[in-house]
Amino acid sequence: MVITLIDELIKYQAIDLNKLVLKIYPKLGLLPQEGVMLLHLLSFYQQNNQKNFPLSHLALKNKTGMDKKENGILIKALEDKGFLESSVEELKTGKLQECINVGNAIIKIEQLLIKEKVDDEEKQVQQSLKEIVLLFENELSRTLSPVELSLLDENKRKYTKADYEKAIFEVSKKQSLTIKKCINYLNTSSFMNSDIDKADEESIKGFLAKLNK
C-alpha cells in the first residue's frame with residue numbers, strides 16, 4: 001500500500017478531507033454527484049484506516065439516500081475515471097464480497113495539490129523575474145536585450161530582486177553597470193559565503209571534538 005502525505009495528515013487529524021474534496025472535486029474532473037459519492041467512500045476509509053474495504057450497500061444507501069443501482073452508477077463512473085478500483089474477494093466463510101479500493105483517489109488528490117503548489121511557485125518566480133527585469137530597465141534606462149533577458153531567466157530561481165539590488169549597488173560603486181557583472185558579483189559572493197560556511201563548520205567540528213576528549 002502506498003502511503004501518501006495526505007494519509008499521514010488524516011492519521012493525525014491535521015486535514016479535513018471532506019472540506020478539501022468539496023473544494024477541489026471540479027479540478028479533479030468530477031461532477032457534483034461523483035464528488036459527493038467519493039466523499040462517502042472516503043469516509044469509510046477514514047473510519048477504518050483501510051483503503052481497500054468491503055462495500056456495504058446498505059451502509060452506502062443510508063449515507064446517500066440512493067438505491068443500489070444509483071450508487072452503482074456513480075461508483076462505476078469514479079472507477080472509469082481512475083479514482084476507484086473494485087474487486088470481488090472471497091471471505092473465510094466462502095462468501096463473495098464486493099470490495100472498493102480508494103487508494104487511487106488519495107494519490108490523485110495529492111498529485112493535484114502538488115501541481116497547484118508547483119504552479120503557484122512558478123507564478124511567483126515569473127512575477128519576481130518581471131520585477132527584476134523592470135529593475136534593470138530602470139537602472140539602465142533602456143529595454144533589455146534578448147541576451148540580457150536570457151541571463152536573468154537562467155538565474156531566476158537562484159537570485160531574488162533584493163540580491164540584484166545589492167549587486168547593483170556594489171557593482172555601480174566600482175565599474176559600469178551590466179547584468180553580467182551583477183550576476184558575476186552574486187556568483188562570487190555565493191561562492192565566498194559557501195567557503196566561509198565550510199570553514200565555520202570545520203571550526204565547530206574541531207571545537208566539539210576537543211570538548212569530547
# chains A, B, ... in the order shown; residues from 1 in each chain; ligands from 1
>>> residues_around(residues="A:Phe44", least_positions_apart="3", cutoff="12 Å", atoms="only C-alpha atoms", output="ChimeraX atom specification")
/A:37-41,47-56,59-60,63,99-102
>>> write_last_selection(atoms="C-alpha atoms", output="PDB file, in the first residue's frame")
ATOM      1  CA  MET A  37     -20.033   9.772  -3.749  1.00  0.00           C
ATOM      2  CA  LEU A  38     -16.247   9.952  -3.460  1.00  0.00           C
ATOM      3  CA  LEU A  39     -16.675  11.738  -0.127  1.00  0.00           C
ATOM      4  CA  HIS A  40     -18.911   8.948   1.169  1.00  0.00           C
ATOM      5  CA  LEU A  41     -16.452   6.256   0.109  1.00  0.00           C
ATOM      6  CA  GLN A  47     -13.222   5.372   9.775  1.00  0.00           C
ATOM      7  CA  ASN A  48     -11.253   2.154   9.319  1.00  0.00           C
ATOM      8  CA  ASN A  49      -7.893   3.475   8.043  1.00  0.00           C
ATOM      9  CA  GLN A  50      -8.132   0.939   5.220  1.00  0.00           C
ATOM     10  CA  LYS A  51      -8.049   1.961   1.569  1.00  0.00           C
ATOM     11  CA  ASN A  52      -9.416  -1.403   0.463  1.00  0.00           C
ATOM     12  CA  PHE A  53     -12.613  -2.295   2.293  1.00  0.00           C
ATOM     13  CA  PRO A  54     -15.802  -4.352   1.870  1.00  0.00           C
ATOM     14  CA  LEU A  55     -18.604  -2.356   0.282  1.00  0.00           C
ATOM     15  CA  SER A  56     -21.797  -2.356   2.321  1.00  0.00           C
ATOM     16  CA  ALA A  59     -24.462   1.497   4.720  1.00  0.00           C
ATOM     17  CA  LEU A  60     -23.919   3.366   1.444  1.00  0.00           C
ATOM     18  CA  LYS A  63     -25.368   7.694   3.582  1.00  0.00           C
ATOM     19  CA  CYS A  99     -14.628  -4.504  -2.183  1.00  0.00           C
ATOM     20  CA  ILE A 100     -13.636  -0.948  -3.064  1.00  0.00           C
ATOM     21  CA  ASN A 101     -10.111   0.475  -3.080  1.00  0.00           C
ATOM     22  CA  VAL A 102      -9.835   4.285  -2.800  1.00  0.00           C
TER      23      VAL A 102
END
>>> select_by_dssp(residues="stretch 8-129 of chain A", states="strand (DSSP E or B)", output="PyMOL selection string")
chain A and resi 52-54+85-90+96-101
>>> write_last_selection(atoms="all heavy atoms", output="tab-separated table (two decimals), in the first residue's frame")
chain	number	residue	atom	x	y	z
A	52	ASN	N	-8.65	-0.32	1.10
A	52	ASN	CA	-9.42	-1.40	0.46
A	52	ASN	C	-10.36	-1.98	1.51
A	52	ASN	O	-9.91	-2.48	2.55
A	52	ASN	CB	-8.48	-2.49	-0.07
A	52	ASN	CG	-9.22	-3.50	-0.91
A	52	ASN	OD1	-9.74	-3.17	-1.97
A	52	ASN	ND2	-9.27	-4.74	-0.46
A	53	PHE	N	-11.65	-1.87	1.27
A	53	PHE	CA	-12.61	-2.29	2.29
A	53	PHE	C	-13.86	-2.91	1.64
A	53	PHE	O	-14.19	-2.61	0.48
A	53	PHE	CB	-13.02	-1.09	3.15
A	53	PHE	CG	-13.47	0.11	2.36
A	53	PHE	CD1	-14.76	0.22	1.86
A	53	PHE	CD2	-12.58	1.15	2.10
A	53	PHE	CE1	-15.17	1.31	1.13
A	53	PHE	CE2	-12.97	2.26	1.36
A	53	PHE	CZ	-14.27	2.34	0.87
A	54	PRO	N	-14.55	-3.77	2.39
A	54	PRO	CA	-15.80	-4.35	1.87
A	54	PRO	C	-16.85	-3.27	1.67
A	54	PRO	O	-16.97	-2.36	2.49
A	54	PRO	CB	-16.22	-5.32	2.99
A	54	PRO	CG	-14.99	-5.58	3.76
A	54	PRO	CD	-14.18	-4.32	3.69
A	85	GLU	N	-10.93	1.34	-7.53
A	85	GLU	CA	-10.76	0.01	-8.09
A	85	GLU	C	-11.71	-0.92	-7.32
A	85	GLU	O	-11.71	-0.91	-6.08
A	85	GLU	CB	-9.32	-0.48	-7.94
A	85	GLU	CG	-8.33	0.25	-8.84
A	85	GLU	CD	-6.92	-0.28	-8.69
A	85	GLU	OE1	-6.69	-1.08	-7.74
A	85	GLU	OE2	-6.06	0.09	-9.49
A	86	SER	N	-12.51	-1.66	-8.03
A	86	SER	CA	-13.43	-2.59	-7.38
A	86	SER	C	-12.95	-4.01	-7.62
A	86	SER	O	-12.30	-4.31	-8.63
A	86	SER	CB	-14.86	-2.41	-7.90
A	86	SER	OG	-14.91	-2.70	-9.29
A	87	SER	N	-13.28	-4.88	-6.69
A	87	SER	CA	-12.89	-6.28	-6.81
A	87	SER	C	-13.88	-7.14	-6.03
A	87	SER	O	-14.64	-6.63	-5.21
A	87	SER	CB	-11.47	-6.50	-6.28
A	87	SER	OG	-11.40	-6.15	-4.91
A	88	VAL	N	-13.85	-8.42	-6.32
A	88	VAL	CA	-14.68	-9.37	-5.58
A	88	VAL	C	-13.73	-10.32	-4.86
A	88	VAL	O	-12.90	-10.99	-5.49
A	88	VAL	CB	-15.62	-10.16	-6.50
A	88	VAL	CG1	-16.41	-11.20	-5.71
A	88	VAL	CG2	-16.56	-9.20	-7.23
A	89	GLU	N	-13.82	-10.34	-3.54
A	89	GLU	CA	-12.92	-11.16	-2.74
A	89	GLU	C	-13.70	-12.24	-2.00
A	89	GLU	O	-14.85	-12.04	-1.60
A	89	GLU	CB	-12.15	-10.29	-1.74
A	89	GLU	CG	-11.29	-9.23	-2.43
A	89	GLU	CD	-10.51	-8.37	-1.45
A	89	GLU	OE1	-10.55	-8.69	-0.24
A	89	GLU	OE2	-9.87	-7.39	-1.89
A	90	GLU	N	-13.05	-13.37	-1.82
A	90	GLU	CA	-13.69	-14.48	-1.12
A	90	GLU	C	-13.36	-14.41	0.37
A	90	GLU	O	-12.20	-14.35	0.76
A	90	GLU	CB	-13.22	-15.81	-1.69
A	90	GLU	CG	-13.94	-17.01	-1.08
A	90	GLU	CD	-13.54	-18.32	-1.74
A	90	GLU	OE1	-12.83	-18.29	-2.77
A	90	GLU	OE2	-13.93	-19.38	-1.21
A	96	LEU	N	-18.67	-14.52	-1.28
A	96	LEU	CA	-18.01	-13.49	-2.07
A	96	LEU	C	-18.43	-12.11	-1.59
A	96	LEU	O	-19.60	-11.87	-1.29
A	96	LEU	CB	-18.36	-13.65	-3.56
A	96	LEU	CG	-17.91	-14.96	-4.21
A	96	LEU	CD1	-18.34	-15.00	-5.67
A	96	LEU	CD2	-16.40	-15.13	-4.10
A	97	GLN	N	-17.44	-11.21	-1.52
A	97	GLN	CA	-17.69	-9.86	-1.01
A	97	GLN	C	-17.14	-8.82	-1.98
A	97	GLN	O	-15.97	-8.90	-2.37
A	97	GLN	CB	-17.03	-9.68	0.36
A	97	GLN	CG	-17.05	-8.26	0.89
A	97	GLN	CD	-18.43	-7.77	1.24
A	97	GLN	OE1	-19.11	-8.37	2.06
A	97	GLN	NE2	-18.88	-6.70	0.61
A	98	GLU	N	-17.97	-7.88	-2.37
A	98	GLU	CA	-17.52	-6.78	-3.23
A	98	GLU	C	-16.69	-5.81	-2.39
A	98	GLU	O	-17.10	-5.41	-1.30
A	98	GLU	CB	-18.71	-6.06	-3.84
A	98	GLU	CG	-18.31	-4.95	-4.82
A	98	GLU	CD	-19.50	-4.24	-5.43
A	98	GLU	OE1	-20.65	-4.65	-5.15
A	98	GLU	OE2	-19.29	-3.28	-6.19
A	99	CYS	N	-15.52	-5.43	-2.90
A	99	CYS	CA	-14.63	-4.50	-2.18
A	99	CYS	C	-14.30	-3.29	-3.06
A	99	CYS	O	-14.29	-3.37	-4.29
A	99	CYS	CB	-13.34	-5.20	-1.78
A	99	CYS	SG	-13.58	-6.51	-0.54
A	100	ILE	N	-14.01	-2.19	-2.39
A	100	ILE	CA	-13.64	-0.95	-3.06
A	100	ILE	C	-12.29	-0.49	-2.54
A	100	ILE	O	-12.04	-0.50	-1.33
A	100	ILE	CB	-14.69	0.16	-2.81
A	100	ILE	CG1	-16.01	-0.18	-3.50
A	100	ILE	CG2	-14.18	1.52	-3.29
A	100	ILE	CD1	-15.96	-0.13	-5.01
A	101	ASN	N	-11.41	-0.06	-3.45
A	101	ASN	CA	-10.11	0.47	-3.08
A	101	ASN	C	-10.06	1.95	-3.50
A	101	ASN	O	-10.21	2.27	-4.68
A	101	ASN	CB	-8.99	-0.31	-3.77
A	101	ASN	CG	-7.62	0.03	-3.21
A	101	ASN	OD1	-7.29	1.19	-3.00
A	101	ASN	ND2	-6.82	-1.00	-2.96
>>> closest_atom_pairs(of="stretch 45-124 of chain A", to="stretch 1-15 of chain A", cutoff="9 Å", atoms="only C-alpha atoms", output="CSV")
residue,atom,partner,partner_atom,distance
A:Gln46,CA,A:Ile10,CA,7.5
A:Asn49,CA,A:Lys11,CA,8.0
A:Lys51,CA,A:Met1,CA,8.4
A:Gly103,CA,A:Val2,CA,7.7
A:Ile106,CA,A:Ile6,CA,7.2
A:Ile107,CA,A:Thr4,CA,7.1
A:Ile109,CA,A:Ile6,CA,8.4
A:Glu110,CA,A:Ile6,CA,6.7
>>> select_by_dssp(residues="stretch 115-173 of chain A", states="helix (DSSP H, G or I)", output="NGL selection string")
:A and (115-140 or 146-154 or 161-173)
>>> closest_residue(among="A:Leu140, A:Glu154, A:Lys161, A:Ser190", to="A:Ser176", atoms="only C-alpha atoms")
A:Leu140
>>> closest_residue(among="A:Asn71, A:Glu170, A:Phe83, A:Leu42", to="A:Leu58", atoms="only C-alpha atoms")
A:Asn71
>>> atom_distance(atom1="atom CA of A:Leu91", atom2="atom CA of A:Met66")
26.7 Å
>>> residues_around(residues="A:Glu139", least_positions_apart="2", cutoff="12 Å", atoms="only C-alpha atoms", output="list in words")
Ile132, Val133, Leu134, Leu135, Phe136, Glu137, Ser141, Arg142, Thr143, Leu144, Tyr164, Glu165, Ile168, Phe169, Ser172, Ser176, Leu177, Thr178 and Ile179 of chain A
>>> write_last_selection(atoms="N, CA, C and O atoms", output="mmCIF file, in the first residue's frame")
data_model
loop_
_atom_site.group_PDB
_atom_site.id
_atom_site.type_symbol
_atom_site.label_atom_id
_atom_site.label_comp_id
_atom_site.auth_asym_id
_atom_site.auth_seq_id
_atom_site.Cartn_x
_atom_site.Cartn_y
_atom_site.Cartn_z
ATOM 1 N N ILE A 132 12.455 42.025 -11.599
ATOM 2 C CA ILE A 132 13.908 42.153 -11.781
ATOM 3 C C ILE A 132 14.219 42.806 -13.131
ATOM 4 O O ILE A 132 15.101 43.669 -13.233
ATOM 5 N N VAL A 133 13.504 42.391 -14.166
ATOM 6 C CA VAL A 133 13.684 42.993 -15.496
ATOM 7 C C VAL A 133 13.387 44.487 -15.428
ATOM 8 O O VAL A 133 14.148 45.323 -15.950
ATOM 9 N N LEU A 134 12.287 44.843 -14.755
ATOM 10 C CA LEU A 134 11.911 46.254 -14.626
ATOM 11 C C LEU A 134 12.967 47.023 -13.832
ATOM 12 O O LEU A 134 13.289 48.172 -14.166
ATOM 13 N N LEU A 135 13.522 46.376 -12.818
ATOM 14 C CA LEU A 135 14.583 46.998 -12.016
ATOM 15 C C LEU A 135 15.774 47.377 -12.885
ATOM 16 O O LEU A 135 16.269 48.517 -12.820
ATOM 17 N N PHE A 136 16.228 46.449 -13.719
ATOM 18 C CA PHE A 136 17.386 46.720 -14.568
ATOM 19 C C PHE A 136 17.057 47.717 -15.677
ATOM 20 O O PHE A 136 17.910 48.540 -16.047
ATOM 21 N N GLU A 137 15.854 47.651 -16.208
ATOM 22 C CA GLU A 137 15.474 48.612 -17.246
ATOM 23 C C GLU A 137 15.457 50.026 -16.685
ATOM 24 O O GLU A 137 15.851 50.987 -17.376
ATOM 25 N N SER A 141 18.078 52.498 -17.975
ATOM 26 C CA SER A 141 17.297 53.458 -18.787
ATOM 27 C C SER A 141 17.127 52.985 -20.223
ATOM 28 O O SER A 141 17.261 53.761 -21.182
ATOM 29 N N ARG A 142 16.869 51.689 -20.371
ATOM 30 C CA ARG A 142 16.629 51.142 -21.708
ATOM 31 C C ARG A 142 15.968 49.765 -21.591
ATOM 32 O O ARG A 142 15.911 49.170 -20.505
ATOM 33 N N THR A 143 15.487 49.282 -22.720
ATOM 34 C CA THR A 143 14.925 47.938 -22.773
ATOM 35 C C THR A 143 16.061 46.916 -22.803
ATOM 36 O O THR A 143 17.071 47.129 -23.476
ATOM 37 N N LEU A 144 15.896 45.819 -22.104
ATOM 38 C CA LEU A 144 16.947 44.808 -22.063
ATOM 39 C C LEU A 144 17.014 44.025 -23.371
ATOM 40 O O LEU A 144 16.001 43.813 -24.039
ATOM 41 N N TYR A 164 19.731 41.314 -6.448
ATOM 42 C CA TYR A 164 20.174 42.163 -7.559
ATOM 43 C C TYR A 164 20.317 43.621 -7.129
ATOM 44 O O TYR A 164 21.204 44.330 -7.612
ATOM 45 N N GLU A 165 19.449 44.068 -6.225
ATOM 46 C CA GLU A 165 19.562 45.448 -5.737
ATOM 47 C C GLU A 165 20.902 45.649 -5.025
ATOM 48 O O GLU A 165 21.576 46.683 -5.206
ATOM 49 N N ILE A 168 23.648 45.594 -7.741
ATOM 50 C CA ILE A 168 23.670 46.857 -8.485
ATOM 51 C C ILE A 168 24.409 47.932 -7.678
ATOM 52 O O ILE A 168 25.238 48.677 -8.215
ATOM 53 N N PHE A 169 24.102 47.969 -6.390
ATOM 54 C CA PHE A 169 24.751 48.965 -5.522
ATOM 55 C C PHE A 169 26.264 48.750 -5.472
ATOM 56 O O PHE A 169 27.051 49.703 -5.605
ATOM 57 N N SER A 172 28.010 49.189 -9.097
ATOM 58 C CA SER A 172 27.990 50.586 -9.569
ATOM 59 C C SER A 172 29.027 51.449 -8.874
ATOM 60 O O SER A 172 29.447 52.481 -9.404
ATOM 61 N N SER A 176 31.141 50.272 -14.493
ATOM 62 C CA SER A 176 29.879 50.488 -15.193
ATOM 63 C C SER A 176 28.961 49.282 -14.980
ATOM 64 O O SER A 176 29.410 48.140 -14.873
ATOM 65 N N LEU A 177 27.691 49.554 -14.934
ATOM 66 C CA LEU A 177 26.717 48.523 -14.580
ATOM 67 C C LEU A 177 26.307 47.680 -15.783
ATOM 68 O O LEU A 177 25.931 48.207 -16.823
ATOM 69 N N THR A 178 26.382 46.367 -15.626
ATOM 70 C CA THR A 178 25.808 45.429 -16.588
ATOM 71 C C THR A 178 25.194 44.270 -15.816
ATOM 72 O O THR A 178 25.571 44.001 -14.663
ATOM 73 N N ILE A 179 24.288 43.586 -16.452
ATOM 74 C CA ILE A 179 23.647 42.437 -15.806
ATOM 75 C C ILE A 179 24.661 41.325 -15.572
ATOM 76 O O ILE A 179 24.660 40.676 -14.522
#
>>> closest_residue(among="A:Ile183, A:Ala105, A:Leu30, A:Ile114", to="A:Leu17", atoms="only C-alpha atoms")
A:Ala105
>>> closest_residue(among="A:Glu121, A:Gly94, A:Tyr185, A:Lys174", to="A:Lys156", atoms="only C-alpha atoms")
A:Glu121
